[in-house]
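What's in start18.csv: CSV, N, CA and C atoms
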```csv
chain,number,residue,atom,x,y,z
A,18,MET,N,6.0,-42.4,-39.6
A,18,MET,CA,5.2,-41.7,-38.6
A,18,MET,C,5.6,-40.2,-38.7
A,19,THR,N,4.6,-39.4,-38.7
A,19,THR,CA,4.8,-37.9,-38.9
A,19,THR,C,5.3,-37.3,-37.6
A,20,ARG,N,5.9,-36.1,-37.8
A,20,ARG,CA,6.5,-35.4,-36.7
A,20,ARG,C,5.4,-34.7,-35.9
A,21,ILE,N,5.5,-34.7,-34.6
A,21,ILE,CA,4.5,-34.1,-33.7
A,21,ILE,C,5.0,-32.7,-33.4
A,22,ARG,N,4.1,-31.7,-33.7
A,22,ARG,CA,4.5,-30.3,-33.3
A,22,ARG,C,4.2,-30.0,-31.9
A,23,ARG,N,5.2,-29.4,-31.2
A,23,ARG,CA,5.0,-29.2,-29.8
A,23,ARG,C,4.1,-28.0,-29.6
A,24,GLY,N,3.5,-27.9,-28.4
A,24,GLY,CA,2.6,-26.8,-28.1
A,24,GLY,C,3.4,-25.5,-27.8
A,25,TYR,N,2.7,-24.5,-27.4
A,25,TYR,CA,3.3,-23.1,-27.3
A,25,TYR,C,3.4,-22.7,-25.8
A,26,ILE,N,3.0,-23.6,-24.9
A,26,ILE,CA,2.9,-23.2,-23.5
A,26,ILE,C,4.3,-23.0,-22.9
A,27,ALA,N,5.2,-23.9,-23.2
A,27,ALA,CA,6.6,-23.8,-22.6
A,27,ALA,C,7.3,-22.6,-23.3
A,28,ARG,N,7.1,-22.4,-24.6
A,28,ARG,CA,7.7,-21.3,-25.3
A,28,ARG,C,7.2,-20.0,-24.7
A,29,ARG,N,5.9,-19.9,-24.4
A,29,ARG,CA,5.3,-18.7,-23.9
A,29,ARG,C,5.9,-18.4,-22.5
A,30,ARG,N,6.1,-19.4,-21.7
A,30,ARG,CA,6.7,-19.2,-20.3
A,30,ARG,C,8.1,-18.7,-20.4
A,31,ARG,N,8.9,-19.4,-21.3
A,31,ARG,CA,10.3,-18.9,-21.5
A,31,ARG,C,10.4,-17.5,-22.0
A,32,THR,N,9.5,-17.2,-22.9
A,32,THR,CA,9.5,-15.8,-23.5
A,32,THR,C,9.2,-14.8,-22.4
A,33,LYS,N,8.3,-15.1,-21.5
A,33,LYS,CA,7.9,-14.2,-20.4
A,33,LYS,C,9.1,-14.0,-19.5
A,34,ILE,N,9.8,-15.1,-19.2
A,34,ILE,CA,11.0,-15.0,-18.4
A,34,ILE,C,12.1,-14.2,-19.1
A,35,ARG,N,12.3,-14.4,-20.4
A,35,ARG,CA,13.3,-13.6,-21.1
A,35,ARG,C,12.9,-12.2,-21.1
A,36,LEU,N,11.7,-11.8,-21.2
A,36,LEU,CA,11.3,-10.4,-21.2
A,36,LEU,C,11.6,-9.8,-19.9
A,37,PHE,N,11.4,-10.5,-18.8
A,37,PHE,CA,11.8,-10.0,-17.5
A,37,PHE,C,13.3,-9.8,-17.3
A,38,ALA,N,14.1,-10.7,-17.9
A,38,ALA,CA,15.5,-10.7,-17.8
A,38,ALA,C,16.2,-10.0,-18.9
A,39,SER,N,15.5,-9.3,-19.8
A,39,SER,CA,16.1,-8.7,-21.0
A,39,SER,C,17.2,-7.7,-20.7
A,40,THR,N,17.2,-7.1,-19.6
A,40,THR,CA,18.2,-6.1,-19.3
A,40,THR,C,19.4,-6.6,-18.5
A,41,PHE,N,19.3,-7.9,-18.2
A,41,PHE,CA,20.5,-8.5,-17.5
A,41,PHE,C,21.6,-8.7,-18.5
A,42,ARG,N,22.8,-8.8,-18.0
A,42,ARG,CA,24.0,-8.9,-18.8
A,42,ARG,C,24.4,-10.3,-19.1
A,43,GLY,N,24.9,-10.6,-20.3
A,43,GLY,CA,25.5,-11.9,-20.6
A,43,GLY,C,24.5,-13.0,-20.7
A,44,SER,N,25.0,-14.2,-20.1
A,44,SER,CA,24.1,-15.3,-20.2
A,44,SER,C,22.9,-15.2,-19.3
A,45,HIS,N,22.9,-14.3,-18.4
A,45,HIS,CA,21.8,-14.1,-17.5
A,45,HIS,C,20.5,-13.7,-18.3
A,46,SER,N,20.7,-13.2,-19.5
A,46,SER,CA,19.5,-12.8,-20.3
A,46,SER,C,19.3,-13.7,-21.5
A,47,ARG,N,20.3,-14.6,-21.7
A,47,ARG,CA,20.2,-15.5,-22.9
A,47,ARG,C,19.8,-16.9,-22.6
A,48,LEU,N,20.4,-17.5,-21.6
A,48,LEU,CA,20.2,-18.9,-21.4
A,48,LEU,C,19.1,-19.1,-20.4
A,49,THR,N,18.2,-20.0,-20.7
A,49,THR,CA,16.9,-20.2,-19.9
A,49,THR,C,17.2,-20.5,-18.5
A,50,ARG,N,18.1,-21.5,-18.2
A,50,ARG,CA,18.3,-21.9,-16.8
A,50,ARG,C,18.8,-20.8,-16.0
A,51,THR,N,19.9,-20.1,-16.5
A,51,THR,CA,20.5,-19.0,-15.7
A,51,THR,C,19.5,-17.8,-15.6
A,52,THR,N,18.7,-17.6,-16.6
A,52,THR,CA,17.7,-16.6,-16.6
A,52,THR,C,16.7,-16.8,-15.5
A,53,ILE,N,16.2,-18.0,-15.3
A,53,ILE,CA,15.3,-18.4,-14.3
A,53,ILE,C,15.9,-18.2,-12.9
A,54,GLN,N,17.2,-18.6,-12.8
A,54,GLN,CA,17.9,-18.4,-11.5
A,54,GLN,C,18.0,-16.9,-11.1
A,55,GLN,N,18.4,-16.1,-12.1
A,55,GLN,CA,18.6,-14.7,-11.9
A,55,GLN,C,17.3,-14.0,-11.6
A,56,LYS,N,16.2,-14.5,-12.2
A,56,LYS,CA,14.9,-13.9,-12.0
A,56,LYS,C,14.5,-14.1,-10.5
A,57,MET,N,14.7,-15.4,-10.0
A,57,MET,CA,14.3,-15.7,-8.7
A,57,MET,C,15.2,-14.9,-7.7
A,58,ARG,N,16.5,-14.7,-8.0
A,58,ARG,CA,17.4,-14.0,-7.2
A,58,ARG,C,17.0,-12.5,-7.1
A,59,ALA,N,16.6,-11.9,-8.3
A,59,ALA,CA,16.2,-10.5,-8.4
A,59,ALA,C,14.9,-10.3,-7.6
A,60,LEU,N,13.9,-11.2,-7.6
A,60,LEU,CA,12.7,-11.0,-6.9
A,60,LEU,C,12.9,-11.2,-5.4
A,61,VAL,N,13.8,-12.1,-5.0
A,61,VAL,CA,14.1,-12.2,-3.6
A,61,VAL,C,14.8,-10.9,-3.1
A,62,SER,N,15.7,-10.3,-3.9
A,62,SER,CA,16.4,-9.1,-3.5
A,62,SER,C,15.4,-8.0,-3.4
A,63,ALA,N,14.5,-7.9,-4.3
A,63,ALA,CA,13.5,-6.8,-4.3
A,63,ALA,C,12.6,-6.9,-3.1
A,64,HIS,N,12.2,-8.1,-2.8
A,64,HIS,CA,11.3,-8.3,-1.6
A,64,HIS,C,12.1,-7.9,-0.3
A,65,ARG,N,13.3,-8.3,-0.2
A,65,ARG,CA,14.1,-8.0,1.0
A,65,ARG,C,14.4,-6.5,1.1
A,66,ASP,N,14.7,-5.9,0.0
A,66,ASP,CA,15.1,-4.5,0.1
A,66,ASP,C,13.9,-3.5,0.2
A,67,ARG,N,12.7,-4.0,0.0
A,67,ARG,CA,11.6,-3.1,0.2
A,67,ARG,C,11.5,-2.8,1.7
A,68,GLY,N,11.6,-3.8,2.6
A,68,GLY,CA,11.6,-3.6,4.0
A,68,GLY,C,12.9,-2.8,4.4
A,69,ARG,N,14.0,-3.1,3.8
A,69,ARG,CA,15.2,-2.4,4.2
A,69,ARG,C,15.2,-0.9,3.8
A,70,GLN,N,14.5,-0.6,2.7
A,70,GLN,CA,14.3,0.8,2.3
A,70,GLN,C,13.5,1.6,3.3
A,71,LYS,N,12.4,1.0,3.8
A,71,LYS,CA,11.6,1.6,4.8
A,71,LYS,C,12.4,1.9,6.1
A,72,ARG,N,13.2,0.9,6.4
A,72,ARG,CA,14.0,1.0,7.6
A,72,ARG,C,15.1,2.1,7.5
A,73,ASN,N,15.7,2.2,6.3
A,73,ASN,CA,16.7,3.2,6.1
A,73,ASN,C,16.1,4.6,6.0
A,74,PHE,N,15.0,4.8,5.4
A,74,PHE,CA,14.4,6.1,5.4
A,74,PHE,C,14.0,6.5,6.8
A,75,ARG,N,13.4,5.6,7.6
A,75,ARG,CA,13.1,6.0,9.0
A,75,ARG,C,14.3,6.4,9.7
A,76,ARG,N,15.4,5.7,9.6
A,76,ARG,CA,16.7,6.1,10.2
A,76,ARG,C,17.1,7.5,9.8
A,77,LEU,N,17.0,7.8,8.5
A,77,LEU,CA,17.4,9.1,7.9
A,77,LEU,C,16.5,10.2,8.5
A,78,TRP,N,15.2,10.0,8.6
A,78,TRP,CA,14.3,11.0,9.2
A,78,TRP,C,14.6,11.2,10.6
A,79,ILE,N,14.9,10.2,11.4
A,79,ILE,CA,15.2,10.3,12.8
A,79,ILE,C,16.5,11.1,13.0
A,80,THR,N,17.5,10.8,12.1
A,80,THR,CA,18.8,11.5,12.2
A,80,THR,C,18.6,13.0,11.9
A,81,ARG,N,17.8,13.3,10.9
A,81,ARG,CA,17.6,14.7,10.5
A,81,ARG,C,16.8,15.5,11.6
A,82,ILE,N,15.8,14.9,12.2
A,82,ILE,CA,15.0,15.5,13.2
A,82,ILE,C,15.9,15.7,14.5
A,83,ASN,N,16.7,14.7,14.8
A,83,ASN,CA,17.6,14.8,16.0
A,83,ASN,C,18.6,16.0,15.8
A,84,ALA,N,19.2,16.0,14.6
A,84,ALA,CA,20.2,17.1,14.4
A,84,ALA,C,19.6,18.5,14.5
A,85,ALA,N,18.4,18.6,13.9
A,85,ALA,CA,17.7,20.0,13.9
A,85,ALA,C,17.3,20.3,15.4
A,86,ILE,N,16.8,19.4,16.1
A,86,ILE,CA,16.3,19.7,17.5
A,86,ILE,C,17.5,20.0,18.4
A,87,ARG,N,18.6,19.2,18.3
A,87,ARG,CA,19.8,19.5,19.1
A,87,ARG,C,20.4,20.8,18.8
A,88,GLU,N,20.3,21.2,17.5
A,88,GLU,CA,20.9,22.5,17.1
A,88,GLU,C,20.1,23.7,17.7
A,89,SER,N,18.8,23.5,17.9
A,89,SER,CA,18.0,24.6,18.4
A,89,SER,C,17.9,24.7,19.9
A,90,VAL,N,17.8,23.6,20.6
A,90,VAL,CA,17.6,23.6,22.1
A,90,VAL,C,18.7,22.8,22.7
A,91,VAL,N,19.3,23.3,23.7
A,91,VAL,CA,20.4,22.6,24.4
A,91,VAL,C,19.8,21.6,25.4
A,92,SER,N,20.3,20.4,25.5
A,92,SER,CA,19.9,19.3,26.3
A,92,SER,C,18.5,18.9,26.0
A,93,TYR,N,18.1,18.9,24.8
A,93,TYR,CA,16.8,18.4,24.3
A,93,TYR,C,17.0,17.5,23.2
A,94,SER,N,16.5,16.3,23.3
A,94,SER,CA,16.9,15.3,22.3
A,94,SER,C,15.7,14.8,21.5
A,95,TYR,N,16.0,14.0,20.5
A,95,TYR,CA,14.9,13.5,19.6
A,95,TYR,C,13.9,12.7,20.4
A,96,SER,N,14.4,11.8,21.3
A,96,SER,CA,13.4,10.9,22.0
A,96,SER,C,12.5,11.7,22.9
A,97,ARG,N,13.0,12.7,23.6
A,97,ARG,CA,12.2,13.6,24.5
A,97,ARG,C,11.2,14.4,23.6
A,98,SER,N,11.6,14.8,22.5
A,98,SER,CA,10.7,15.6,21.6
A,98,SER,C,9.6,14.8,21.1
A,99,ILE,N,9.9,13.5,20.7
A,99,ILE,CA,8.8,12.6,20.2
A,99,ILE,C,7.9,12.3,21.3
A,100,HIS,N,8.4,12.0,22.5
A,100,HIS,CA,7.6,11.7,23.6
A,100,HIS,C,6.7,12.9,24.0
A,101,ASP,N,7.2,14.1,23.9
A,101,ASP,CA,6.4,15.3,24.2
A,101,ASP,C,5.3,15.5,23.1
A,102,LEU,N,5.7,15.2,21.8
A,102,LEU,CA,4.7,15.2,20.7
A,102,LEU,C,3.5,14.3,21.0
A,103,TYR,N,3.8,13.1,21.4
A,103,TYR,CA,2.7,12.2,21.7
A,103,TYR,C,1.9,12.6,22.9
A,104,LYS,N,2.5,13.2,23.9
A,104,LYS,CA,1.8,13.7,25.1
A,104,LYS,C,0.9,14.8,24.8
A,105,SER,N,1.3,15.7,23.9
A,105,SER,CA,0.5,16.8,23.5
A,105,SER,C,-0.5,16.5,22.4
A,106,GLN,N,-0.5,15.2,22.0
A,106,GLN,CA,-1.4,14.7,21.0
A,106,GLN,C,-1.3,15.5,19.6
A,107,LEU,N,-0.1,15.8,19.2
A,107,LEU,CA,0.1,16.4,18.0
A,107,LEU,C,0.5,15.3,17.0
A,108,LEU,N,-0.3,15.1,15.9
A,108,LEU,CA,-0.1,14.0,15.1
A,108,LEU,C,0.8,14.4,13.8
A,109,LEU,N,2.1,14.5,14.0
A,109,LEU,CA,3.0,14.7,12.9
A,109,LEU,C,4.0,13.5,12.9
A,110,ASN,N,4.0,12.9,11.7
A,110,ASN,CA,4.9,11.7,11.6
A,110,ASN,C,6.3,12.2,11.3
A,111,ARG,N,7.3,11.2,11.4
A,111,ARG,CA,8.7,11.5,11.3
A,111,ARG,C,9.0,12.0,9.9
A,112,LYS,N,8.4,11.6,8.9
A,112,LYS,CA,8.7,12.1,7.5
A,112,LYS,C,8.4,13.6,7.4
A,113,ILE,N,7.2,14.0,7.9
A,113,ILE,CA,6.8,15.4,7.8
A,113,ILE,C,7.8,16.2,8.7
A,114,LEU,N,8.1,15.7,9.9
A,114,LEU,CA,9.0,16.5,10.7
A,114,LEU,C,10.4,16.6,10.1
A,115,ALA,N,10.8,15.6,9.4
A,115,ALA,CA,12.1,15.7,8.7
A,115,ALA,C,12.1,16.7,7.6
A,116,GLN,N,11.0,16.7,6.9
A,116,GLN,CA,10.9,17.7,5.8
A,116,GLN,C,10.8,19.1,6.3
A,117,ILE,N,10.1,19.3,7.4
A,117,ILE,CA,10.1,20.6,8.1
A,117,ILE,C,11.5,21.0,8.6
A,118,ALA,N,12.2,20.0,9.1
A,118,ALA,CA,13.6,20.3,9.6
A,118,ALA,C,14.5,20.8,8.5
A,119,ILE,N,14.3,20.2,7.3
A,119,ILE,CA,15.2,20.6,6.2
A,119,ILE,C,14.8,21.9,5.6
A,120,SER,N,13.5,22.0,5.3
A,120,SER,CA,13.0,23.2,4.5
A,120,SER,C,12.8,24.4,5.3
A,121,ASN,N,12.3,24.2,6.6
A,121,ASN,CA,11.9,25.4,7.4
A,121,ASN,C,12.2,25.1,8.8
A,122,THR,N,13.5,25.4,9.2
A,122,THR,CA,13.9,25.0,10.6
A,122,THR,C,13.2,26.0,11.6
A,123,ASN,N,12.9,27.2,11.2
A,123,ASN,CA,12.2,28.1,12.2
A,123,ASN,C,10.9,27.5,12.6
A,124,CYS,N,10.2,26.9,11.7
A,124,CYS,CA,8.9,26.3,12.0
A,124,CYS,C,9.1,25.1,13.0
A,125,LEU,N,10.1,24.3,12.8
A,125,LEU,CA,10.4,23.2,13.7
A,125,LEU,C,10.8,23.8,15.1
A,126,TYR,N,11.5,24.9,15.1
A,126,TYR,CA,11.8,25.5,16.4
A,126,TYR,C,10.6,26.0,17.1
A,127,MET,N,9.7,26.6,16.4
A,127,MET,CA,8.4,27.1,16.9
A,127,MET,C,7.6,25.9,17.5
A,128,ILE,N,7.5,24.8,16.7
A,128,ILE,CA,6.8,23.6,17.2
A,128,ILE,C,7.4,23.1,18.5
A,129,SER,N,8.7,22.9,18.5
A,129,SER,CA,9.3,22.3,19.7
A,129,SER,C,9.2,23.3,20.9
A,130,ASN,N,9.4,24.6,20.7
A,130,ASN,CA,9.2,25.5,21.8
A,130,ASN,C,7.8,25.5,22.4
A,131,ASN,N,6.8,25.5,21.5
A,131,ASN,CA,5.4,25.4,22.0
A,131,ASN,C,5.1,24.1,22.7
A,132,ILE,N,5.7,23.0,22.3
A,132,ILE,CA,5.5,21.8,23.0
A,132,ILE,C,6.2,21.8,24.3
A,133,ILE,N,7.4,22.4,24.4
A,133,ILE,CA,8.1,22.4,25.6
A,133,ILE,C,7.3,23.3,26.6
A,134,LYS,N,6.8,24.4,26.2
A,134,LYS,CA,6.0,25.3,27.0
A,134,LYS,C,4.7,24.6,27.5
A,135,GLU,N,4.1,23.9,26.6
A,135,GLU,CA,2.8,23.3,27.0
A,135,GLU,C,3.1,22.1,27.9
A,136,ILE,N,4.1,21.4,27.7
A,136,ILE,CA,4.4,20.2,28.6
A,136,ILE,C,4.8,20.8,30.0
A,137,GLY,N,5.6,21.9,30.0
A,137,GLY,CA,6.0,22.5,31.2
A,137,GLY,C,4.9,23.1,32.0
A,138,ARG,N,3.9,23.7,31.3
A,138,ARG,CA,2.7,24.2,31.9
A,138,ARG,C,1.8,23.1,32.5
A,139,ASN,N,1.7,22.0,31.8
A,139,ASN,CA,0.9,20.9,32.3
A,139,ASN,C,1.5,20.2,33.5
A,140,THR,N,2.9,20.1,33.6
A,140,THR,CA,3.5,19.5,34.7
A,140,THR,C,3.5,20.4,36.0
A,141,ASN,N,3.5,21.7,35.8
A,141,ASN,CA,3.5,22.6,36.9
A,141,ASN,C,2.2,22.7,37.7
A,142,THR,N,1.1,22.5,36.9
A,142,THR,CA,-0.3,22.6,37.5
A,142,THR,C,-0.6,21.3,38.2
A,143,PRO,N,-1.2,21.3,39.4
A,143,PRO,CA,-1.5,20.1,40.0
A,143,PRO,C,-2.8,19.5,39.5
```
As structure tokens, the full file:
Amino acid sequence: MTRIRRGYIARRRRTKIRLFASTFRGSHSRLTRTTIQQKMRALVSAHRDRGRQKRNFRRLWITRINAAIRESVVSYSYSRSIHDLYKSQLLLNRKILAQIAISNTNCLYMISNNIIKEIGRNTNTP
């Protein structure tokens, strides 16, 4: 009986996995079973850390805005400034505010002072 030649589908699947794991070290890039395990682990970590990265950047922006606002105005905090931003219907997100706080602090001072004046004017009038 003659020898049966196997198909190419399993080889193609393993090659695809090896290409994904080609930069891994040691047996994680050479042995098929460990390569599959490491690929699954890498994809799980990537999925988890995408959400974590968004969270970390938001924390960083909030910290930068809070530091810049507390530096400019005494007894005025991040939470009050964001609340006043929403009340004055000024649509600036935290990323833009953090960039303004780093690059041009005078602009942030002007924005916060105008908002404070506007909110103060609106609360005084009946």
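When atom C of Cys124 in chain A is paired with atom C of Tyr93 in chain A, their separation reads 15.0 Å.
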Separation of CA of Val90 in chain A from atom C of Ile113 in chain A in Å: 18.2 Å
With distances taken over only C-alpha atoms, the candidate from A:Asn123, A:Ile132, A:Gly43, A:Thr19 nearest Ala85 in chain A is A:Asn123
So that I can check the surroundings of range 48-57 of chain A, please list as JSON, numbers by chain every protein, DNA and RNA residue that reaches within 7 Å of it, counting all atoms listed in the file and ignoring chain neighbours fewer than 2 positions away. {"A": [31, 34, 35, 37, 38, 43, 44, 45, 46, 59, 60, 61, 62]}
Gap from atom N of Trp78 in chain A to CA of Lys112 in chain A - Å, one decimal: 6.9 Å
Backbone-only DSSP, alpha helix (DSSP H) members of chain A, as a ChimeraX atom specification: /A:26-37,49-89,95-104,111-120,122-141
So which residues touch Ala115 in chain A within 8 Å, counting all atoms listed in the file, skipping near sequence neighbours fewer than 4 positions away, as a PDB file with N, CA and C atoms, in the coordinates of the input?
```pdb
ATOM      1  N   LEU A  77      17.000   7.800   8.500  1.00  0.00           N
ATOM      2  CA  LEU A  77      17.400   9.100   7.900  1.00  0.00           C
ATOM      3  C   LEU A  77      16.500  10.200   8.500  1.00  0.00           C
ATOM      4  N   TRP A  78      15.200  10.000   8.600  1.00  0.00           N
ATOM      5  CA  TRP A  78      14.300  11.000   9.200  1.00  0.00           C
ATOM      6  C   TRP A  78      14.600  11.200  10.600  1.00  0.00           C
ATOM      7  N   ILE A  79      14.900  10.200  11.400  1.00  0.00           N
ATOM      8  CA  ILE A  79      15.200  10.300  12.800  1.00  0.00           C
ATOM      9  C   ILE A  79      16.500  11.100  13.000  1.00  0.00           C
ATOM     10  N   THR A  80      17.500  10.800  12.100  1.00  0.00           N
ATOM     11  CA  THR A  80      18.800  11.500  12.200  1.00  0.00           C
ATOM     12  C   THR A  80      18.600  13.000  11.900  1.00  0.00           C
ATOM     13  N   ARG A  81      17.800  13.300  10.900  1.00  0.00           N
ATOM     14  CA  ARG A  81      17.600  14.700  10.500  1.00  0.00           C
ATOM     15  C   ARG A  81      16.800  15.500  11.600  1.00  0.00           C
ATOM     16  N   ILE A  82      15.800  14.900  12.200  1.00  0.00           N
ATOM     17  CA  ILE A  82      15.000  15.500  13.200  1.00  0.00           C
ATOM     18  C   ILE A  82      15.900  15.700  14.500  1.00  0.00           C
ATOM     19  N   ASN A  83      16.700  14.700  14.800  1.00  0.00           N
ATOM     20  CA  ASN A  83      17.600  14.800  16.000  1.00  0.00           C
ATOM     21  C   ASN A  83      18.600  16.000  15.800  1.00  0.00           C
ATOM     22  N   LEU A 109       2.100  14.500  14.000  1.00  0.00           N
ATOM     23  CA  LEU A 109       3.000  14.700  12.900  1.00  0.00           C
ATOM     24  C   LEU A 109       4.000  13.500  12.900  1.00  0.00           C
ATOM     25  N   ASN A 110       4.000  12.900  11.700  1.00  0.00           N
ATOM     26  CA  ASN A 110       4.900  11.700  11.600  1.00  0.00           C
ATOM     27  C   ASN A 110       6.300  12.200  11.300  1.00  0.00           C
ATOM     28  N   ARG A 111       7.300  11.200  11.400  1.00  0.00           N
ATOM     29  CA  ARG A 111       8.700  11.500  11.300  1.00  0.00           C
ATOM     30  C   ARG A 111       9.000  12.000   9.900  1.00  0.00           C
ATOM     31  N   ILE A 119      14.300  20.200   7.300  1.00  0.00           N
ATOM     32  CA  ILE A 119      15.200  20.600   6.200  1.00  0.00           C
ATOM     33  C   ILE A 119      14.800  21.900   5.600  1.00  0.00           C
ATOM     34  N   SER A 120      13.500  22.000   5.300  1.00  0.00           N
ATOM     35  CA  SER A 120      13.000  23.200   4.500  1.00  0.00           C
ATOM     36  C   SER A 120      12.800  24.400   5.300  1.00  0.00           C
ATOM     37  N   ASN A 121      12.300  24.200   6.600  1.00  0.00           N
ATOM     38  CA  ASN A 121      11.900  25.400   7.400  1.00  0.00           C
ATOM     39  C   ASN A 121      12.200  25.100   8.800  1.00  0.00           C
TER      40      ASN A 121
END
```
With 8 Å as the threshold, what does the neighbourhood of (1.0, 18.4, 23.2) contain in terms of residues, counting all atoms listed in the file? Coordinates are those of the file; answer as an MDAnalysis selection string. chainID A and resid 100:107 131:133 135:136
